[in-house]
>>> print(open('protein-v2.txt').read())   # compact mmCIF, C-alpha atoms (C1' of nucleotides)
# COMPACT_ATOMS: atom_id res chain seq x y z
CA MET A 220 172.01 142.41 114.28
CA ASP A 221 174.71 142.06 116.88
CA ALA A 222 175.81 145.64 116.43
CA LEU A 223 172.25 146.86 116.83
CA ALA A 224 171.71 144.88 120.03
CA ASP A 225 174.97 146.25 121.34
CA THR A 226 174.35 149.93 120.75
CA ARG A 227 170.64 150.34 121.27
CA PRO A 228 170.39 149.75 125.03
CA ARG A 229 173.52 151.79 125.62
CA ALA A 230 171.93 154.80 124.00
CA GLU A 231 169.28 154.97 126.69
CA LYS A 232 171.58 154.96 129.65
CA ILE A 233 171.96 157.98 131.84
CA ILE A 234 173.73 158.52 135.11
CA ALA A 235 172.58 160.94 137.80
CA VAL A 236 174.63 162.18 140.72
CA LEU A 237 172.30 163.59 143.35
CA GLY A 238 172.21 164.51 147.02
CA PRO A 239 172.10 167.51 149.32
CA THR A 240 174.17 170.59 148.75
CA ALA A 241 177.86 170.71 149.69
CA THR A 242 178.54 167.00 149.39
CA GLY A 243 180.88 167.21 146.41
CA LYS A 244 178.51 166.08 143.65
CA THR A 245 180.20 168.28 141.08
CA GLU A 246 183.68 166.84 141.60
CA LEU A 247 182.35 163.33 141.55
CA THR A 248 180.54 164.04 138.29
CA PHE A 249 183.66 165.46 136.67
CA GLY A 250 185.54 162.34 137.68
CA LEU A 251 182.93 160.05 136.12
CA CYS A 252 182.75 162.12 132.94
CA LYS A 253 186.48 161.96 132.45
CA ALA A 254 186.65 158.25 133.13
CA PHE A 255 183.73 157.23 130.93
CA GLY A 256 183.54 159.83 128.19
CA GLY A 257 180.55 161.54 129.71
CA GLU A 258 179.22 165.06 129.61
CA MET A 259 177.74 166.89 132.54
CA VAL A 260 174.08 167.88 132.45
CA GLY A 261 173.03 170.24 135.23
CA ALA A 262 169.99 169.22 137.27
CA ASP A 263 169.69 172.34 139.29
CA SER A 264 167.03 175.01 139.19
CA MET A 265 169.39 177.86 139.99
CA GLN A 266 172.62 176.86 138.31
CA VAL A 267 170.89 177.25 134.94
CA TYR A 268 171.16 181.00 135.37
CA ARG A 269 173.96 183.03 133.93
CA GLY A 270 175.97 185.42 136.06
CA LEU A 271 175.34 183.80 139.44
CA PRO A 272 178.22 181.33 139.73
CA VAL A 273 179.21 182.04 143.31
CA GLY A 274 175.88 181.83 145.10
CA THR A 275 174.65 178.85 143.13
CA ALA A 276 177.99 177.03 143.41
CA ALA A 277 177.85 176.41 139.70
CA PRO A 278 180.66 174.31 138.28
CA ARG A 279 183.09 176.50 136.37
CA PRO A 280 184.89 175.66 133.14
CA GLU A 281 188.30 176.14 134.74
CA GLU A 282 187.52 173.48 137.34
CA CYS A 283 187.47 170.85 134.68
CA PRO A 284 188.07 172.20 131.20
CA ALA A 285 187.96 168.79 129.56
CA VAL A 286 184.36 168.08 130.46
CA PRO A 287 181.55 169.78 128.53
CA ARG A 288 178.65 170.96 130.69
CA HIS A 289 175.07 171.63 129.75
CA LEU A 290 172.22 173.61 131.27
CA ILE A 291 174.57 175.47 133.56
CA GLY A 292 174.86 179.24 133.38
CA VAL A 293 172.91 179.41 130.15
CA LEU A 294 169.82 181.44 131.00
CA PRO A 295 169.52 185.18 131.67
CA PRO A 296 168.19 185.64 135.21
CA GLU A 297 165.21 187.61 133.96
CA ILE A 298 163.74 184.51 132.37
CA PRO A 299 161.52 182.37 134.57
CA PHE A 300 162.28 178.67 134.48
CA SER A 301 160.30 175.62 135.53
CA VAL A 302 160.31 171.83 135.59
CA ALA A 303 158.64 171.73 132.22
CA ASP A 304 161.41 173.84 130.69
CA TYR A 305 163.98 171.70 132.38
CA VAL A 306 162.64 168.38 131.19
CA ALA A 307 162.21 169.64 127.63
CA ASN A 308 165.73 171.05 127.45
CA ALA A 309 167.46 168.23 129.24
CA ALA A 310 165.72 165.57 127.16
CA GLY A 311 166.92 167.29 124.00
CA ILE A 312 170.48 167.45 125.23
CA ILE A 313 170.44 163.85 126.35
CA ALA A 314 169.14 162.70 122.99
CA HIS A 315 171.91 164.60 121.29
CA LEU A 316 174.59 163.15 123.58
CA HIS A 317 173.32 159.66 122.92
CA SER A 318 173.42 160.31 119.20
CA ILE A 319 177.11 161.17 119.39
CA GLY A 320 177.93 158.31 121.72
CA LYS A 321 178.41 160.25 124.93
CA THR A 322 177.04 159.30 128.31
CA PRO A 323 174.96 162.00 129.98
CA VAL A 324 175.80 162.47 133.63
CA LEU A 325 173.18 164.51 135.44
CA CYS A 326 174.39 166.41 138.44
CA GLY A 327 172.30 168.47 140.78
CA GLY A 328 170.18 168.91 143.83
CA THR A 329 166.74 169.66 142.47
CA GLY A 330 164.81 166.50 143.20
CA LEU A 331 161.74 167.49 141.25
CA TYR A 332 163.77 168.06 138.10
CA ILE A 333 165.70 164.83 138.34
CA GLU A 334 162.68 162.69 139.10
CA SER A 335 160.58 164.28 136.39
CA LEU A 336 163.30 163.78 133.83
CA VAL A 337 164.12 160.22 134.81
CA ASN A 338 160.44 159.29 134.70
CA GLY A 339 160.00 161.04 131.39
CA LEU A 340 157.15 163.26 132.51
CA ASP A 341 155.50 165.07 129.66
CA PHE A 342 154.49 168.66 130.31
CA ALA A 343 152.89 169.22 126.95
CA GLU A 344 150.06 171.39 128.23
CA VAL A 345 150.51 175.04 128.98
CA GLY A 346 151.65 176.19 132.40
CA MET A 347 150.09 179.02 134.35
CA PRO A 348 151.21 182.31 132.85
CA GLN A 349 152.17 185.31 134.94
CA ASN A 350 148.95 187.24 134.40
CA ALA A 351 146.86 184.22 135.39
CA ARG A 352 148.88 183.95 138.54
CA VAL A 353 148.09 187.53 139.41
CA GLN A 354 144.42 186.84 138.77
CA MET A 355 144.42 183.76 140.95
CA GLU A 356 146.10 185.71 143.73
CA ALA A 357 143.38 188.32 143.51
CA GLU A 358 140.70 185.65 143.67
CA TRP A 359 142.43 184.20 146.73
CA ASP A 360 142.53 187.57 148.49
CA GLU A 361 138.89 188.15 147.75
CA ALA A 362 137.51 184.70 148.56
CA GLY A 363 139.85 183.49 151.28
CA ALA A 364 141.71 180.22 151.70
CA ALA A 365 138.82 178.04 152.84
CA GLU A 366 136.62 179.14 149.96
CA MET A 367 139.38 178.57 147.41
CA LEU A 368 139.95 175.08 148.68
CA ARG A 369 136.19 174.50 148.47
CA ARG A 370 136.19 175.67 144.87
CA LEU A 371 138.92 173.18 144.09
CA ALA A 372 137.06 170.45 145.98
CA ALA A 373 134.00 171.06 143.82
CA LEU A 374 136.03 170.16 140.73
CA ASP A 375 138.55 167.71 142.15
CA PRO A 376 137.62 166.46 145.62
CA GLU A 377 140.31 163.82 145.66
CA HIS A 378 143.18 166.20 145.21
CA ALA A 379 141.66 168.95 147.35
CA ALA A 380 141.57 166.52 150.25
CA LYS A 381 145.31 166.15 150.04
CA LEU A 382 146.11 169.85 150.13
CA HIS A 383 146.46 171.80 153.33
CA LEU A 384 144.55 175.04 153.77
CA ASN A 385 147.81 176.98 154.03
CA ASP A 386 149.33 175.56 150.90
CA LYS A 387 148.34 178.53 148.80
CA LYS A 388 150.80 177.86 146.02
CA ARG A 389 149.49 174.38 145.36
CA ILE A 390 145.83 175.27 145.78
CA LEU A 391 146.07 178.10 143.26
CA ASN A 392 148.01 176.02 140.82
CA ALA A 393 145.68 173.06 141.08
CA LEU A 394 142.60 175.23 140.73
CA TRP A 395 143.92 176.96 137.66
CA GLN A 396 145.07 173.76 135.99
CA THR A 397 141.84 171.96 136.77
CA ARG A 398 139.73 174.71 135.28
CA GLU A 399 141.99 175.22 132.30
CA GLN A 400 142.38 171.60 131.29
CA ARG A 401 139.04 170.35 132.56
CA ALA A 402 140.80 167.42 134.12
CA THR A 403 141.51 166.39 137.68
CA TYR A 404 144.96 166.20 139.13
CA ALA A 405 144.99 162.42 138.88
CA GLU A 406 143.97 162.57 135.24
CA ARG A 407 146.64 165.13 134.46
CA ALA A 408 149.25 163.10 136.33
CA ALA A 409 148.34 159.96 134.41
CA ARG A 410 148.53 161.84 131.13
CA SER A 411 151.97 163.22 131.83
CA ARG A 412 153.44 159.88 132.81
CA PRO A 413 154.67 157.71 129.93
CA ALA A 414 153.92 154.01 129.79
CA GLU A 415 157.58 153.17 129.88
CA LYS A 416 160.49 154.93 131.48
CA PRO A 417 162.53 156.61 128.77
CA TYR A 418 165.93 155.92 130.26
CA ASP A 419 167.91 153.25 131.95
CA ALA A 420 169.23 155.32 134.83
CA LEU A 421 171.95 154.78 137.38
CA LEU A 422 171.27 156.95 140.42
CA ILE A 423 174.19 157.74 142.68
CA GLY A 424 173.40 159.62 145.88
CA VAL A 425 175.92 161.32 148.14
CA ASP A 426 175.18 161.93 151.81
CA ALA A 427 176.86 162.11 155.20
CA ARG A 428 176.17 159.49 157.84
CA ASP A 429 176.50 162.19 160.47
CA ARG A 430 174.35 165.24 159.89
CA ALA A 431 176.85 167.38 161.77
CA LEU A 432 179.45 166.69 159.11
CA LEU A 433 177.12 167.90 156.39
CA TYR A 434 176.40 171.07 158.36
CA LYS A 435 180.12 171.65 158.85
CA ARG A 436 180.66 171.44 155.13
CA ILE A 437 177.83 173.90 154.55
CA GLU A 438 179.44 176.30 156.99
CA ALA A 439 182.74 176.04 155.13
CA ARG A 440 181.09 176.41 151.76
CA VAL A 441 179.23 179.58 152.72
CA ASN A 442 182.40 181.07 154.17
CA GLY A 443 184.11 180.25 150.90
CA MET A 444 181.34 181.92 148.93
CA LEU A 445 181.64 185.07 151.01
CA ALA A 446 185.37 185.13 150.37
CA GLY A 447 184.70 184.48 146.70
CA GLY A 448 182.55 187.53 146.07
CA LEU A 449 179.08 186.42 147.05
CA LEU A 450 178.16 189.86 148.28
CA ASP A 451 178.70 191.52 144.89
CA GLU A 452 176.53 188.92 143.26
CA ALA A 453 173.89 189.32 145.91
CA LYS A 454 173.89 193.07 145.36
CA THR A 455 173.17 192.59 141.67
CA VAL A 456 170.34 190.23 142.45
CA TYR A 457 168.99 192.66 145.05
CA GLU A 458 168.94 195.47 142.53
CA HIS A 459 167.12 193.34 139.97
CA ARG A 460 164.99 191.38 142.37
CA LYS A 461 161.75 192.38 140.65
CA ALA A 462 162.94 191.19 137.25
CA TYR A 463 164.63 188.00 138.47
CA LYS A 464 161.44 186.09 139.12
CA THR A 465 162.92 182.66 139.69
CA ALA A 466 166.55 183.52 140.32
CA ALA A 467 165.82 185.93 143.18
CA GLN A 468 164.50 182.97 145.16
CA ALA A 469 167.90 181.34 145.30
CA ILE A 470 169.41 180.79 148.69
CA GLY A 471 172.42 183.04 149.04
CA TYR A 472 170.89 186.27 147.84
CA LYS A 473 167.61 186.95 149.53
CA GLU A 474 169.25 186.50 152.93
CA PHE A 475 171.25 189.66 152.27
CA PHE A 476 168.32 191.79 151.16
CA PRO A 477 167.80 193.15 154.70
CA TYR A 478 171.44 194.23 154.67
CA PHE A 479 171.16 196.09 151.36
CA ALA A 480 167.84 197.58 152.33
CA GLY A 481 169.68 199.08 155.26
CA GLY A 482 169.82 198.13 158.88
CA ALA A 483 170.54 194.46 159.19
CA PRO A 484 174.11 193.60 160.19
CA LEU A 485 176.10 191.59 157.68
CA ASP A 486 177.12 188.75 159.94
CA ALA A 487 173.51 188.17 160.98
CA CYS A 488 172.60 187.79 157.30
CA ALA A 489 175.46 185.37 156.76
CA GLU A 490 174.22 183.35 159.74
CA LYS A 491 170.74 183.34 158.26
CA LEU A 492 172.16 182.09 155.01
CA LYS A 493 173.88 179.17 156.68
CA GLN A 494 170.66 178.37 158.45
CA ALA A 495 168.67 178.48 155.22
CA THR A 496 171.21 176.23 153.51
CA ARG A 497 170.96 173.68 156.31
CA ASN A 498 167.18 173.70 156.08
CA TYR A 499 167.43 173.24 152.36
CA ALA A 500 169.84 170.33 152.61
CA LYS A 501 167.38 168.58 154.89
CA ARG A 502 164.53 169.09 152.44
CA GLN A 503 166.68 167.73 149.65
CA LEU A 504 167.41 164.67 151.72
CA THR A 505 163.77 163.93 152.37
CA TRP A 506 163.17 164.06 148.64
CA PHE A 507 166.10 161.89 147.64
CA ARG A 508 165.69 159.35 150.40
CA ARG A 509 162.22 158.67 149.10
CA MET A 510 163.47 157.93 145.60
CA LYS A 511 163.83 154.26 144.79
CA ASP A 512 166.97 152.62 143.47
CA VAL A 513 169.46 155.21 144.65
CA HIS A 514 172.95 153.87 145.34
CA TRP A 515 173.98 155.84 148.38
CA LEU A 516 177.58 156.74 149.03
CA PHE A 517 178.64 158.28 152.32
CA LEU A 518 181.32 160.90 152.78
CA GLU A 519 182.66 159.25 155.92
CA ASP A 520 183.36 156.03 154.06
CA GLY A 521 185.83 157.66 151.67
CA GLY A 522 186.74 156.37 148.23
CA LEU A 523 183.58 157.78 146.69
CA GLU A 524 185.11 158.16 143.29
CA GLU A 525 186.29 154.55 143.19
CA THR A 526 182.93 153.24 144.32
CA ALA A 527 181.05 155.43 141.86
CA SER A 528 183.36 154.37 139.04
CA ALA A 529 182.83 150.72 139.82
CA LEU A 530 179.07 151.20 139.83
CA THR A 531 179.22 153.10 136.59
CA GLU A 532 181.38 150.55 134.87
CA ALA A 533 179.06 147.72 135.79
CA PHE A 534 176.07 149.78 134.74
CA LEU A 535 177.46 150.72 131.34
CA ARG A 536 178.50 147.15 130.69
CA GLY A 537 174.92 146.14 131.29
CA GLU A 538 175.48 144.68 134.76
C1' G B 77 179.04 198.75 199.54
C1' C B 78 173.80 200.33 198.61
C1' C B 79 169.45 200.51 195.22
C1' U B 80 166.61 198.71 190.98
C1' C B 81 165.75 195.08 187.37
C1' U B 82 166.66 190.04 186.03
C1' G B 83 167.55 184.30 186.09
C1' U B 84 161.56 179.45 182.78
C1' A B 85 163.06 174.29 176.40
C1' G B 86 169.59 174.70 172.51
C1' C B 87 168.33 180.54 171.70
C1' U B 88 164.76 184.90 172.45
C1' C B 89 160.92 185.33 175.67
C1' A B 90 155.51 184.60 177.54
C1' G B 91 152.83 182.63 181.70
C1' U B 92 150.84 180.51 186.18
C1' U B 93 145.32 186.15 190.82
C1' G B 94 149.66 179.46 194.49
C1' G B 95 147.26 173.25 191.94
C1' U B 96 154.66 171.41 188.59
C1' A B 97 154.21 175.51 182.05
C1' G B 98 153.86 177.52 176.34
C1' A B 99 155.04 180.56 171.81
C1' G B 100 158.57 181.99 167.98
C1' C B 101 163.24 180.51 166.19
C1' A B 102 166.61 176.33 165.98
C1' G B 103 166.45 170.93 165.52
C1' U B 104 164.09 166.20 163.73
C1' G B 105 160.64 163.65 160.53
C1' G B 106 157.32 164.13 156.34
C1' A B 107 154.88 165.97 151.74
C1' C B 108 155.95 167.52 146.81
C1' U B 109 153.81 166.87 138.64
C1' G B 110 154.71 173.84 135.23
C1' A B 111 157.97 179.76 140.85
C1' A B 112 160.92 173.57 143.73
C1' A B 113 167.43 176.89 146.36
C1' A B 114 160.09 177.42 146.15
C1' U B 115 155.83 176.02 149.09
C1' C B 116 153.49 173.34 152.96
C1' C B 117 152.57 169.81 157.30
C1' A B 118 153.74 167.22 162.05
C1' C B 119 156.69 166.77 166.61
C1' G B 120 157.73 170.89 172.86
C1' U B 121 159.32 167.37 180.43
C1' G B 122 162.14 171.56 180.98
C1' U B 123 165.92 170.01 188.71
C1' C B 124 160.67 177.15 185.94
C1' G B 125 169.08 179.71 189.28
C1' U B 126 170.18 177.35 194.51
C1' U B 127 168.39 176.90 199.35
C1' G B 128 165.26 177.75 203.62
C1' G B 129 160.27 179.49 205.17
C1' U B 130 154.75 180.17 204.81
C1' U B 131 151.03 176.69 202.81
C1' C B 132 147.28 170.69 202.23
C1' G B 133 150.31 172.17 197.93
C1' A B 134 155.45 176.90 195.60
C1' U B 135 158.12 177.62 189.46
C1' U B 136 154.43 181.39 191.31
C1' C B 137 154.40 184.61 197.96
C1' C B 138 158.56 185.84 201.76
C1' G B 139 163.98 185.46 203.24
C1' A B 140 169.00 184.26 202.25
C1' C B 141 172.61 182.92 198.79
C1' C B 142 174.71 182.50 193.73
C1' G B 143 174.92 184.43 188.46
C1' G B 144 173.72 188.57 184.86
C1' A B 145 172.35 193.88 183.56
C1' G B 146 171.84 198.91 184.93
C1' G B 147 172.05 203.05 188.51
C1' C B 148 174.16 205.59 192.96
C1' A B 149 178.47 205.92 195.67
>>> encode(input="protein-v2.txt", output="structure tokens")
Amino acid sequence: MDALADTRPRAEKIIAVLGPTATGKTELTFGLCKAFGGEMVGADSMQVYRGLPVGTAAPRPEECPAVPRHLIGVLPPEIPFSVADYVANAAGIIAHLHSIGKTPVLCGGTGLYIESLVNGLDFAEVGMPQNARVQMEAEWDEAGAAEMLRRLAALDPEHAAKLHLNDKKRILNALWQTREQRATYAERAARSRPAEKPYDALLIGVDARDRALLYKRIEARVNGMLAGGLLDEAKTVYEHRKAYKTAAQAIGYKEFFPYFAGGAPLDACAEKLKQATRNYAKRQLTWFRRMKDVHWLFLEDGGLEETASALTEAFLRGE
RNA sequence: GCCUCUGUAGCUCAGUUGGUAGAGCAGUGGACUGAAAAUCCACGUGUCGUUGGUUCGAUUCCGACCGGAGGCA
């Protein structure tokens, strides 16, 4: 009885290190894994892809050979990937880690993935396949934005009211899902959300108090990527851009397409890349700042590893 | 030295037939349930280079000066 009470809650614990790009999440995660017998589980929509380590800043085995990593560099770039795939895969890995007594430490910058996983969202129903997407696009071109939004409003007025006329991606998706599943957005959302959260999660966020510091680190990181062979990687992506449906969207590659296509100067593309990374970091922050129960650590304060370790220790002990 | 063009938001520029000005980008904030490193929304006062003149009123017209670009010597 005692043994059962001792092990059961522990099996549901997960740790997540999150925050904007270039804040040192990976290092911090390695540190925690080593200290607490954890394994790293990627929470990043682009680092899942194989063969793109430079541009996606994917953690490499040689950086920390002792720590096993999951969902990083495992998928051929031709394969599309989505939240549903992420949650399904990550949940499986986490269950396995728990079964062998390891603590999963999520690490990544994709807010949607982390939140969906932590909340245990269930994406059992089918997602929109490629050919349906093409069809919906055609319907959009033929009917126009206002009419498409009206069609959605006829089926799901509540959700349609929340979408902006320009938000084509969401309108098309919502319309397709609503027709396909004969259920409104709210109904689908309720269905996908479990009654109880599946994990006991410790969320550790890393940020800079001064935005300028974050931007300086981004600048340095991009320069490092360029020195580390980013251009070769970008060239590969450029040449396969049609086949790499999801991967070609990654920041770090598409900014160089104008250069490969001929014309655009290289340094202008590099500038554009830094810009895009800054914009991205800001979007990540608005996502993460909204999340509840994040323990924020700030780069300026120093001692991140110590603070994170202390939090983790208390968390694993059961507070 | 002379001639032409030019000086407006952090950047690139528009504009006011004279009533003190607005786009894109950047920046900031926000949204986000199957492409999320994606997609979308909101937010624009700045001695309109300086200084005189004309005018009820000048950033707008005229003059001078200062800065920038080009041309002729």
>>> interface_residues(input="protein-v2.txt", of="chain A", to="chain B", cutoff="6 Å", atoms="only C-alpha atoms (C1' of nucleotides)", output="list of chain:residue names")
A:Ser301, A:Val302, A:Ala303, A:Gly346, A:Asp386, A:Thr465, A:Ala469, A:Ile470
>>> write_last_selection(input="protein-v2.txt", atoms="C-alpha atoms", output="CSV table (one decimal), in the frame of the given file")
chain,number,residue,atom,x,y,z
A,301,SER,CA,160.3,175.6,135.5
A,302,VAL,CA,160.3,171.8,135.6
A,303,ALA,CA,158.6,171.7,132.2
A,346,GLY,CA,151.6,176.2,132.4
A,386,ASP,CA,149.3,175.6,150.9
A,465,THR,CA,162.9,182.7,139.7
A,469,ALA,CA,167.9,181.3,145.3
A,470,ILE,CA,169.4,180.8,148.7
>>> residues_around(input="protein-v2.txt", residues="A97 of chain B", least_positions_apart="4", cutoff="9 Å", atoms="all atoms listed in the file", output="list in words")
U84, G91, U92, G122, C124 and U135 of chain B
>>> residues_around(input="protein-v2.txt", residues="G146 of chain B", least_positions_apart="2", cutoff="12 Å", atoms="all atoms listed in the file", output="tab-separated table (two decimals) with C-alpha atoms (C1' of nucleotides), in the frame of the given file")
chain	number	residue	atom	x	y	z
B	79	C	C1'	169.45	200.51	195.22
B	80	U	C1'	166.61	198.71	190.98
B	81	C	C1'	165.75	195.08	187.37
B	82	U	C1'	166.66	190.04	186.03
B	144	G	C1'	173.72	188.57	184.86
B	148	C	C1'	174.16	205.59	192.96
>>> atom_distance(input="protein-v2.txt", atom1="atom CA of Phe517 of chain A", atom2="atom CA of Ala427 of chain A")
5.1 Å
>>> residues_around(input="protein-v2.txt", residues="U88 of chain B", least_positions_apart="6", cutoff="12 Å", atoms="all atoms listed in the file", output="MDAnalysis selection string")
chainID B and resid 99:102
>>> residues_around(input="protein-v2.txt", residues="Val293 of chain A", least_positions_apart="6", cutoff="8 Å", atoms="all atoms listed in the file", output="short mmCIF file (atom, residue, chain, number, x, y, z; two decimals) with C-alpha atoms, in the coordinates of the input")
data_model
loop_
_atom_site.label_atom_id
_atom_site.label_comp_id
_atom_site.auth_asym_id
_atom_site.auth_seq_id
_atom_site.Cartn_x
_atom_site.Cartn_y
_atom_site.Cartn_z
CA VAL A 267 170.89 177.25 134.94
CA TYR A 268 171.16 181.00 135.37
CA ARG A 269 173.96 183.03 133.93
#
>>> closest_residue(input="protein-v2.txt", among="A:Val273, A:Leu432, A:Ala310, A:Ala466", to="Pro296 of chain A", atoms="all atoms listed in the file")
A:Ala466
>>> residues_around(input="protein-v2.txt", residues="Glu474 of chain A", least_positions_apart="5", cutoff="8 Å", atoms="all atoms listed in the file", output="list in words")
Cys488, Ala489, Lys491 and Leu492 of chain A
>>> atom_distance(input="protein-v2.txt", atom1="atom CA of Cys283 of chain A", atom2="atom CA of Gly447 of chain A")
18.4 Å
